[in-house]
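K.L.:
Provided below: input.txt, containing compact mmCIF, C-alpha atoms.
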```
# COMPACT_ATOMS: atom_id res chain seq x y z
CA ARG A 129 54.39 15.42 -45.81
CA GLY A 130 54.36 18.87 -44.25
CA PRO A 131 57.28 21.27 -43.99
CA ILE A 132 57.76 20.66 -40.25
CA LYS A 133 60.12 17.70 -39.90
CA GLN A 134 60.39 17.72 -36.11
CA HIS A 135 57.51 15.90 -34.43
CA MET A 136 56.85 15.60 -30.71
CA LEU A 137 54.94 12.37 -30.16
CA THR A 138 53.22 11.60 -26.87
CA PHE A 139 52.07 8.01 -26.39
CA ILE A 140 49.23 7.54 -23.89
CA ASP A 141 46.31 5.32 -23.01
CA MET A 142 43.32 7.45 -23.99
CA LYS A 143 41.20 5.77 -21.29
CA VAL A 144 43.17 7.01 -18.28
CA ASP A 145 41.20 9.21 -15.90
CA TYR A 146 43.57 12.16 -16.28
CA ILE A 147 43.42 12.28 -20.09
CA ASP A 148 41.56 15.62 -20.27
CA ASP A 149 44.08 17.43 -18.06
CA PHE A 150 46.92 15.75 -19.95
CA LYS A 151 45.59 16.88 -23.34
CA GLU A 152 45.11 20.41 -22.00
CA THR A 153 48.78 20.52 -20.92
CA LEU A 154 49.95 19.26 -24.32
CA THR A 155 47.79 21.85 -26.08
CA LYS A 156 49.39 24.66 -24.08
CA VAL A 157 52.86 23.28 -24.88
CA ALA A 158 51.99 23.07 -28.58
CA GLU A 159 51.02 26.75 -28.65
CA VAL A 160 54.46 27.85 -27.45
CA ASN A 161 56.45 26.24 -30.27
CA ARG A 162 53.79 26.24 -32.96
CA GLY A 163 55.45 26.21 -36.37
CA LYS A 164 58.67 24.73 -34.99
CA LEU A 165 57.40 21.35 -33.81
CA LEU A 166 54.42 19.28 -34.85
CA HIS A 167 52.69 17.92 -31.73
CA ILE A 168 50.93 14.55 -32.00
CA ILE A 169 49.11 12.38 -29.46
CA VAL A 170 49.53 8.68 -30.26
CA PRO A 171 46.95 6.38 -28.62
CA SER A 172 48.33 3.23 -27.03
CA THR A 173 46.20 1.25 -29.48
CA GLU A 174 48.73 2.17 -32.19
CA GLU A 175 50.78 -0.86 -31.20
CA ARG A 176 53.13 -0.96 -34.19
CA VAL A 177 54.18 2.66 -33.70
CA SER A 178 54.67 2.11 -29.96
CA GLU A 179 56.73 -1.00 -30.66
CA TYR A 180 58.91 0.88 -33.13
CA PHE A 181 59.83 3.40 -30.46
CA GLY A 182 60.27 0.67 -27.84
CA PHE A 183 57.36 1.71 -25.62
CA LYS A 184 55.24 -0.75 -23.65
CA ASP A 185 51.78 -0.03 -22.25
CA LYS A 186 53.01 -0.23 -18.67
CA ASP A 187 55.54 2.55 -19.37
CA LEU A 188 53.03 5.11 -20.70
CA PRO A 189 52.72 8.02 -20.96
CA LYS A 190 55.93 8.48 -22.95
CA THR A 191 57.08 11.37 -25.12
CA VAL A 192 59.71 11.48 -27.85
CA ILE A 193 60.79 14.06 -30.40
CA ALA A 194 61.30 12.48 -33.82
CA ASP A 195 63.54 14.56 -36.07
CA MET A 196 62.56 13.36 -39.52
CA GLY A 197 65.79 14.44 -41.13
CA SER A 198 67.55 17.47 -42.50
CA ASP A 199 68.31 18.53 -46.04
CA SER A 200 71.52 16.48 -45.84
CA GLY A 201 69.43 13.31 -46.14
CA ALA A 202 70.17 12.07 -42.63
CA GLY A 203 67.73 9.52 -41.28
CA MET A 204 65.30 10.03 -38.42
CA LYS A 205 66.74 10.77 -35.00
CA LYS A 206 64.87 10.22 -31.73
CA TYR A 207 65.15 12.28 -28.56
CA MET A 208 63.51 10.76 -25.49
CA PHE A 209 61.78 12.79 -22.79
CA ASP A 210 63.34 11.40 -19.61
CA GLU A 211 61.33 13.23 -16.96
CA VAL A 212 58.73 11.17 -15.10
CA GLU A 213 56.19 14.00 -14.82
CA HIS A 214 54.66 15.39 -18.01
CA THR A 215 54.26 18.88 -16.60
CA TYR A 216 54.04 21.99 -18.75
CA GLU A 217 57.37 23.21 -17.37
CA ASN A 218 59.18 19.92 -18.01
CA LEU A 219 57.85 19.58 -21.55
CA ILE A 220 58.67 23.17 -22.48
CA ALA A 221 62.20 22.74 -21.12
CA PHE A 222 62.56 19.52 -23.15
CA GLU A 223 61.43 21.22 -26.36
CA ASN A 224 63.60 24.26 -25.81
CA ASP A 225 66.66 22.08 -25.16
CA PHE A 226 65.96 20.23 -28.41
CA LEU A 227 65.51 23.43 -30.41
CA ALA A 228 68.74 24.80 -28.91
CA GLY A 229 70.61 21.68 -30.10
CA SER A 230 71.67 20.67 -26.61
CA LEU A 231 70.11 17.18 -26.62
CA LYS A 232 71.77 14.02 -27.85
CA PRO A 233 69.71 11.50 -29.86
CA SER A 234 68.59 8.30 -28.17
CA LEU A 235 70.16 5.30 -29.89
CA LYS A 236 69.15 1.70 -29.39
CA SER A 237 71.75 -1.02 -29.13
CA ALA A 238 71.74 -4.77 -28.86
CA ASP A 239 73.67 -6.18 -25.92
CA SER A 240 77.32 -6.75 -26.75
CA LYS A 241 78.51 -10.34 -26.30
CA PRO A 242 82.01 -11.63 -25.48
CA GLY A 243 82.19 -13.47 -28.81
CA ASP A 244 81.24 -10.49 -30.98
CA MET A 245 84.84 -9.62 -31.84
CA THR A 246 86.35 -13.12 -31.94
CA GLY A 247 84.95 -14.43 -35.23
CA ALA A 248 86.26 -13.77 -38.73
CA VAL A 249 83.35 -11.34 -39.25
CA LYS A 250 83.11 -8.97 -36.31
CA VAL A 251 79.66 -8.22 -34.87
CA ILE A 252 79.21 -4.53 -34.14
CA THR A 253 76.56 -3.22 -31.77
CA GLY A 254 75.42 0.37 -31.51
CA GLU A 255 77.18 0.87 -28.19
CA LYS A 256 80.50 -0.41 -29.59
CA PHE A 257 80.38 1.35 -32.99
CA GLU A 258 82.47 4.34 -31.93
CA LYS A 259 85.11 2.27 -30.15
CA GLU A 260 85.48 -0.61 -32.60
CA VAL A 261 84.79 1.10 -35.94
CA ILE A 262 85.52 4.82 -35.74
CA LYS A 263 88.36 4.64 -33.22
CA GLY A 264 89.48 1.04 -33.77
CA GLY A 265 92.58 1.91 -35.79
CA LYS A 266 91.57 -0.22 -38.79
CA ASP A 267 89.94 0.06 -42.19
CA VAL A 268 86.44 -1.38 -41.78
CA LEU A 269 84.08 -2.80 -44.37
CA LEU A 270 80.76 -2.84 -42.53
CA GLU A 271 77.52 -4.42 -43.66
CA PHE A 272 74.27 -3.07 -42.25
CA TYR A 273 71.68 -5.83 -42.52
CA ALA A 274 68.22 -6.87 -41.42
CA PRO A 275 67.59 -10.47 -40.27
CA TRP A 276 64.48 -10.75 -42.48
CA CYS A 277 66.17 -9.36 -45.61
CA GLY A 278 66.44 -11.85 -48.48
CA HIS A 279 69.36 -10.07 -50.17
CA CYS A 280 71.19 -10.04 -46.83
CA LYS A 281 70.69 -13.81 -46.47
CA SER A 282 72.12 -14.28 -49.96
CA LEU A 283 75.13 -12.14 -49.10
CA ALA A 284 75.81 -13.87 -45.75
CA PRO A 285 77.96 -16.80 -46.99
CA LYS A 286 79.98 -14.48 -49.22
CA TRP A 287 80.49 -12.08 -46.31
CA ASP A 288 81.65 -14.98 -44.13
CA GLU A 289 84.08 -16.06 -46.86
CA LEU A 290 85.39 -12.50 -47.10
CA GLY A 291 85.86 -12.43 -43.35
CA GLU A 292 87.91 -15.63 -43.49
CA LYS A 293 90.14 -14.16 -46.19
CA PHE A 294 90.92 -11.10 -44.07
CA LYS A 295 90.91 -12.56 -40.56
CA ASP A 296 94.72 -12.45 -40.35
CA ILE A 297 95.05 -8.97 -41.88
CA LYS A 298 95.60 -6.74 -38.83
CA THR A 299 94.77 -3.48 -40.62
CA ILE A 300 91.36 -4.48 -42.01
CA MET A 301 88.13 -5.54 -40.31
CA ILE A 302 85.18 -7.21 -42.01
CA ALA A 303 82.13 -6.53 -39.88
CA LYS A 304 78.33 -6.53 -39.77
CA MET A 305 75.61 -4.79 -37.80
CA ASP A 306 71.96 -5.73 -37.37
CA ALA A 307 70.48 -2.35 -38.25
CA THR A 308 67.06 -3.32 -36.89
CA ALA A 309 68.49 -3.73 -33.37
CA ASN A 310 71.17 -1.03 -33.42
CA GLU A 311 71.29 2.66 -34.27
CA ILE A 312 74.25 4.97 -34.82
CA ASP A 313 74.61 8.71 -35.17
CA HIS A 314 77.15 9.59 -37.86
CA PRO A 315 76.74 12.43 -40.36
CA ASP A 316 78.23 10.45 -43.26
CA ILE A 317 76.42 7.15 -42.73
CA ASN A 318 72.77 6.91 -43.73
CA VAL A 319 71.20 3.46 -44.00
CA LYS A 320 68.01 3.45 -46.04
CA GLY A 321 67.86 -0.14 -47.28
CA PHE A 322 69.39 -3.57 -46.76
CA PRO A 323 72.05 -4.61 -47.15
CA THR A 324 73.95 -1.32 -47.08
CA ILE A 325 77.73 -1.53 -47.02
CA PHE A 326 80.08 1.23 -45.91
CA PHE A 327 83.85 1.44 -46.06
CA ILE A 328 85.17 3.34 -43.05
CA PRO A 329 88.91 3.94 -43.53
CA ASN A 330 91.18 4.37 -40.55
CA GLU A 331 90.94 8.04 -39.56
CA GLY A 332 89.09 8.79 -42.82
CA GLU A 333 85.61 9.66 -44.05
CA PRO A 334 83.12 6.80 -44.60
CA SER A 335 81.91 6.08 -48.13
CA GLN A 336 79.12 3.80 -49.29
CA TYR A 337 80.15 0.72 -51.26
CA GLU A 338 78.23 0.66 -54.53
CA GLY A 339 80.00 -2.18 -56.37
CA ALA A 340 79.14 -5.79 -57.17
CA ARG A 341 78.69 -8.21 -54.28
CA GLU A 342 80.93 -11.14 -55.07
CA VAL A 343 83.88 -11.94 -52.82
CA ASP A 344 86.41 -11.02 -55.52
CA ASP A 345 84.72 -7.65 -56.00
CA PHE A 346 85.08 -6.83 -52.30
CA VAL A 347 88.73 -7.93 -52.36
CA LYS A 348 89.53 -5.73 -55.36
CA TYR A 349 87.78 -2.79 -53.68
CA LEU A 350 89.85 -3.19 -50.53
CA GLN A 351 93.05 -3.57 -52.55
CA THR A 352 92.27 -0.18 -54.10
CA HIS A 353 90.95 1.69 -51.08
CA ALA A 354 92.80 0.28 -48.05
CA THR A 355 94.93 2.84 -46.23
CA ALA A 356 97.70 0.28 -45.59
CA PRO A 357 99.06 -2.35 -48.01
CA PHE A 358 98.20 -5.98 -47.32
CA GLU A 359 98.83 -9.36 -48.82
CA LEU A 360 96.29 -12.19 -48.67
CA GLU A 361 97.38 -15.75 -48.13
CA GLY A 362 97.57 -17.44 -51.50
CA GLY A 363 98.05 -14.11 -53.32
```
Would you mind giving the structure from this file in structure tokens?
P.N.:
Amino acid sequence: RGPIKQHMLTFIDMKVDYIDDFKETLTKVAEVNRGKLLHIIVPSTEERVSEYFGFKDKDLPKTVIADMGSDSGAGMKKYMFDEVEHTYENLIAFENDFLAGSLKPSLKSADSKPGDMTGAVKVITGEKFEKEVIKGGKDVLLEFYAPWCGHCKSLAPKWDELGEKFKDIKTIMIAKMDATANEIDHPDINVKGFPTIFFIPNEGEPSQYEGAREVDDFVKYLQTHATAPFELEGG
């Protein structure tokens, strides 16, 4: 892995009739910020990479800057090029805005559903993370999971049981997020594997839960770390 962690990726069908002019434009752009950004052309045949970024063949060409992370250990952030025309001027302006820190990362989110917040375990989407978790006025124990993850499937019934225990506690929320369908941008939350569990105290700094994964372990953790006292039914 090279020292340049910011990559500008352009996805294109290499068979289009304007490919030579397109590549010439990208080459000129690359010369301007050489050493600051790594410029890569991704052929549309790289289907898995295109799918990861959410690009379909009919939408190409598409360009995205992938920031592979800083020294703080933050995960990759994506910045989408929103202009229709891939002109030299538009691409240079896009890169310069990124390098100046004036762009916001593009975050994917599943569609929020009316029932997401009605169950014992609340379902958090990327678009509702700020409102429901960061500014929701509660302590939140949030599981980041992947639908295909075996450990997540093993945890699911315990997480549901935990949710039932705390469903009547107004100051605490037990929640989950499908991290394959949702992305968040928070400096203190970095999800590298599944399941990853974070405790986000009301108006406090998030911390990763590193303890055992039995229901009683989660209860004891919350009894110790909750910002407001609570009493569970049955003691």
K.L.:
Using all atoms listed in the file, find each residue of segment 299-318 of chain A with at least one atom at most 9 Å away from an atom of segment 283-289 of chain A; report its shortest atom-to-atom pair and that distance in Å (one decimal), sort the rows by chain and rising residue number, and return the result as JSON lines.
P.N.:
```
{"residue": "A:Ile302", "atom": "CA", "partner": "A:Trp287", "partner_atom": "CA", "distance": 8.0}
{"residue": "A:Ala303", "atom": "CA", "partner": "A:Trp287", "partner_atom": "CA", "distance": 8.7}
{"residue": "A:Lys304", "atom": "CA", "partner": "A:Trp287", "partner_atom": "CA", "distance": 8.8}
```
K.L.:
Please list as a ChimeraX atom specification every residue within 9 Å of Ala238 of chain A, counting all atoms listed in the file and excluding residues in the same chain fewer than 2 positions away.
P.N.:
/A:236,240,253-255,306,309-310
K.L.:
Just the residues within 9 Å of Asn330 of chain A, please, counting all atoms listed in the file, with nothing from its chain fewer than 3 positions along; format it as a ChimeraX atom specification.
P.N.:
/A:261-268,299-300,333,354-355
K.L.:
Could you please take those selected residues and save C-alpha atoms as an mmCIF file, keeping the file's coordinate frame?
P.N.:
```cif
data_model
loop_
_atom_site.group_PDB
_atom_site.id
_atom_site.type_symbol
_atom_site.label_atom_id
_atom_site.label_comp_id
_atom_site.auth_asym_id
_atom_site.auth_seq_id
_atom_site.Cartn_x
_atom_site.Cartn_y
_atom_site.Cartn_z
ATOM 1 C CA VAL A 261 84.790 1.100 -35.940
ATOM 2 C CA ILE A 262 85.520 4.820 -35.740
ATOM 3 C CA LYS A 263 88.360 4.640 -33.220
ATOM 4 C CA GLY A 264 89.480 1.040 -33.770
ATOM 5 C CA GLY A 265 92.580 1.910 -35.790
ATOM 6 C CA LYS A 266 91.570 -0.220 -38.790
ATOM 7 C CA ASP A 267 89.940 0.060 -42.190
ATOM 8 C CA VAL A 268 86.440 -1.380 -41.780
ATOM 9 C CA THR A 299 94.770 -3.480 -40.620
ATOM 10 C CA ILE A 300 91.360 -4.480 -42.010
ATOM 11 C CA GLU A 333 85.610 9.660 -44.050
ATOM 12 C CA ALA A 354 92.800 0.280 -48.050
ATOM 13 C CA THR A 355 94.930 2.840 -46.230
#
```
K.L.:
For a quick check of understanding, using only C-alpha atoms, which of A:Tyr273, A:Tyr207, A:Phe327, A:Phe322 has the smallest distance to Lys190 of chain A?
P.N.:
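Using only C-alpha atoms, Lys190 of chain A sits closest to A:Tyr207.
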K.L.:
Considering all atoms listed in the file, can you say which of A:Lys256, A:Phe181, A:Thr155, A:Gly278 comes closest to Asp244 of chain A?
P.N.:
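Going through A:Lys256, A:Phe181, A:Thr155, A:Gly278 one by one, the smallest distance to Asp244 of chain A is for A:Lys256.
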K.L.:
Rounded to one decimal place, report the atom CA of Leu269 of chain A-atom CA of Lys241 of chain A distance in Å.
P.N.:
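Going from atom CA of Leu269 of chain A over to atom CA of Lys241 of chain A, I get 20.4 Å.
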K.L.:
Could you check which of A:Val157, A:Ile168, A:Val212, A:Ile312 is closest to Ala194 of chain A, using only C-alpha atoms?
P.N.:
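The answer is A:Ile168, which sits nearest to Ala194 of chain A.
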K.L.:
Expressed in Å to a single decimal, how great is the separation between atom CA of Phe272 of chain A and atom CA of Met305 of chain A?
P.N.:
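Atom CA of Met305 of chain A lies at a distance of 5.0 Å from atom CA of Phe272 of chain A.
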K.L.:
From the options A:Glu258, A:Asp195, A:Glu159, A:Glu152, which residue's atoms come nearest to Thr215 of chain A, counting only C-alpha atoms?
P.N.:
A:Glu152
K.L.:
Mind pulling up the distance from atom CA of Glu331 of chain A to atom CA of Ile317 of chain A?
P.N.:
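Interatomic distance here is 14.9 Å.
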K.L.:
Please work out which residues fall within 12 Å of (90.8, -3.0, -50.7), coordinates as given in the file, with all atoms listed in the file counting, and return them as a PyMOL selection string.
P.N.:
chain A and resi 267-269+290+294+297+299-302+327-329+337+343-360
K.L.:
Based on the selection just made, write C-alpha atoms of those residues as a PDB file, in the frame of the given file.
P.N.:
```pdb
ATOM      1  CA  ASP A 267      89.940   0.060 -42.190  1.00  0.00           C
ATOM      2  CA  VAL A 268      86.440  -1.380 -41.780  1.00  0.00           C
ATOM      3  CA  LEU A 269      84.080  -2.800 -44.370  1.00  0.00           C
ATOM      4  CA  LEU A 290      85.390 -12.500 -47.100  1.00  0.00           C
ATOM      5  CA  PHE A 294      90.920 -11.100 -44.070  1.00  0.00           C
ATOM      6  CA  ILE A 297      95.050  -8.970 -41.880  1.00  0.00           C
ATOM      7  CA  THR A 299      94.770  -3.480 -40.620  1.00  0.00           C
ATOM      8  CA  ILE A 300      91.360  -4.480 -42.010  1.00  0.00           C
ATOM      9  CA  MET A 301      88.130  -5.540 -40.310  1.00  0.00           C
ATOM     10  CA  ILE A 302      85.180  -7.210 -42.010  1.00  0.00           C
ATOM     11  CA  PHE A 327      83.850   1.440 -46.060  1.00  0.00           C
ATOM     12  CA  ILE A 328      85.170   3.340 -43.050  1.00  0.00           C
ATOM     13  CA  PRO A 329      88.910   3.940 -43.530  1.00  0.00           C
ATOM     14  CA  TYR A 337      80.150   0.720 -51.260  1.00  0.00           C
ATOM     15  CA  VAL A 343      83.880 -11.940 -52.820  1.00  0.00           C
ATOM     16  CA  ASP A 344      86.410 -11.020 -55.520  1.00  0.00           C
ATOM     17  CA  ASP A 345      84.720  -7.650 -56.000  1.00  0.00           C
ATOM     18  CA  PHE A 346      85.080  -6.830 -52.300  1.00  0.00           C
ATOM     19  CA  VAL A 347      88.730  -7.930 -52.360  1.00  0.00           C
ATOM     20  CA  LYS A 348      89.530  -5.730 -55.360  1.00  0.00           C
ATOM     21  CA  TYR A 349      87.780  -2.790 -53.680  1.00  0.00           C
ATOM     22  CA  LEU A 350      89.850  -3.190 -50.530  1.00  0.00           C
ATOM     23  CA  GLN A 351      93.050  -3.570 -52.550  1.00  0.00           C
ATOM     24  CA  THR A 352      92.270  -0.180 -54.100  1.00  0.00           C
ATOM     25  CA  HIS A 353      90.950   1.690 -51.080  1.00  0.00           C
ATOM     26  CA  ALA A 354      92.800   0.280 -48.050  1.00  0.00           C
ATOM     27  CA  THR A 355      94.930   2.840 -46.230  1.00  0.00           C
ATOM     28  CA  ALA A 356      97.700   0.280 -45.590  1.00  0.00           C
ATOM     29  CA  PRO A 357      99.060  -2.350 -48.010  1.00  0.00           C
ATOM     30  CA  PHE A 358      98.200  -5.980 -47.320  1.00  0.00           C
ATOM     31  CA  GLU A 359      98.830  -9.360 -48.820  1.00  0.00           C
ATOM     32  CA  LEU A 360      96.290 -12.190 -48.670  1.00  0.00           C
TER      33      LEU A 360
END
```
K.L.:
Just the residues within 10 Å of Ala158 of chain A, please, counting only C-alpha atoms, with nothing from its chain fewer than 3 positions along; format it as a list in words.
P.N.:
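In the requested format, the answer is Met136, Glu152, Thr153, Leu154, Thr155, Asn161, Arg162, Gly163, Lys164, Leu165, Leu166, His167, Ile168, Leu219, Ile220 and Glu223 of chain A.
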K.L.:
How big is the axis-aligned box, and where does its centre sit, when it encloses all atoms of segment 351-359 of chain A listed in the file and has 5 Å added on every side, reported in Å to one decimal as AutoDock Vina command-line options?
P.N.:
```
--center_x 95.0 --center_y -3.3 --center_z -49.8 --size_x 18.1 --size_y 22.2 --size_z 18.5
```
K.L.:
Give me the residues near Ser234 of chain A as a PDB file with C-alpha atoms, keeping the file's coordinate frame, where near means some atom within 10 Å (using only C-alpha atoms) and where sequence neighbours in that chain fewer than 4 positions away do not count.
P.N.:
```pdb
ATOM      1  CA  VAL A 192      59.710  11.480 -27.850  1.00  0.00           C
ATOM      2  CA  ILE A 193      60.790  14.060 -30.400  1.00  0.00           C
ATOM      3  CA  LYS A 205      66.740  10.770 -35.000  1.00  0.00           C
ATOM      4  CA  LYS A 206      64.870  10.220 -31.730  1.00  0.00           C
ATOM      5  CA  TYR A 207      65.150  12.280 -28.560  1.00  0.00           C
ATOM      6  CA  MET A 208      63.510  10.760 -25.490  1.00  0.00           C
ATOM      7  CA  PHE A 209      61.780  12.790 -22.790  1.00  0.00           C
ATOM      8  CA  GLU A 311      71.290   2.660 -34.270  1.00  0.00           C
ATOM      9  CA  ILE A 312      74.250   4.970 -34.820  1.00  0.00           C
ATOM     10  CA  ASP A 313      74.610   8.710 -35.170  1.00  0.00           C
TER      11      ASP A 313
END
```
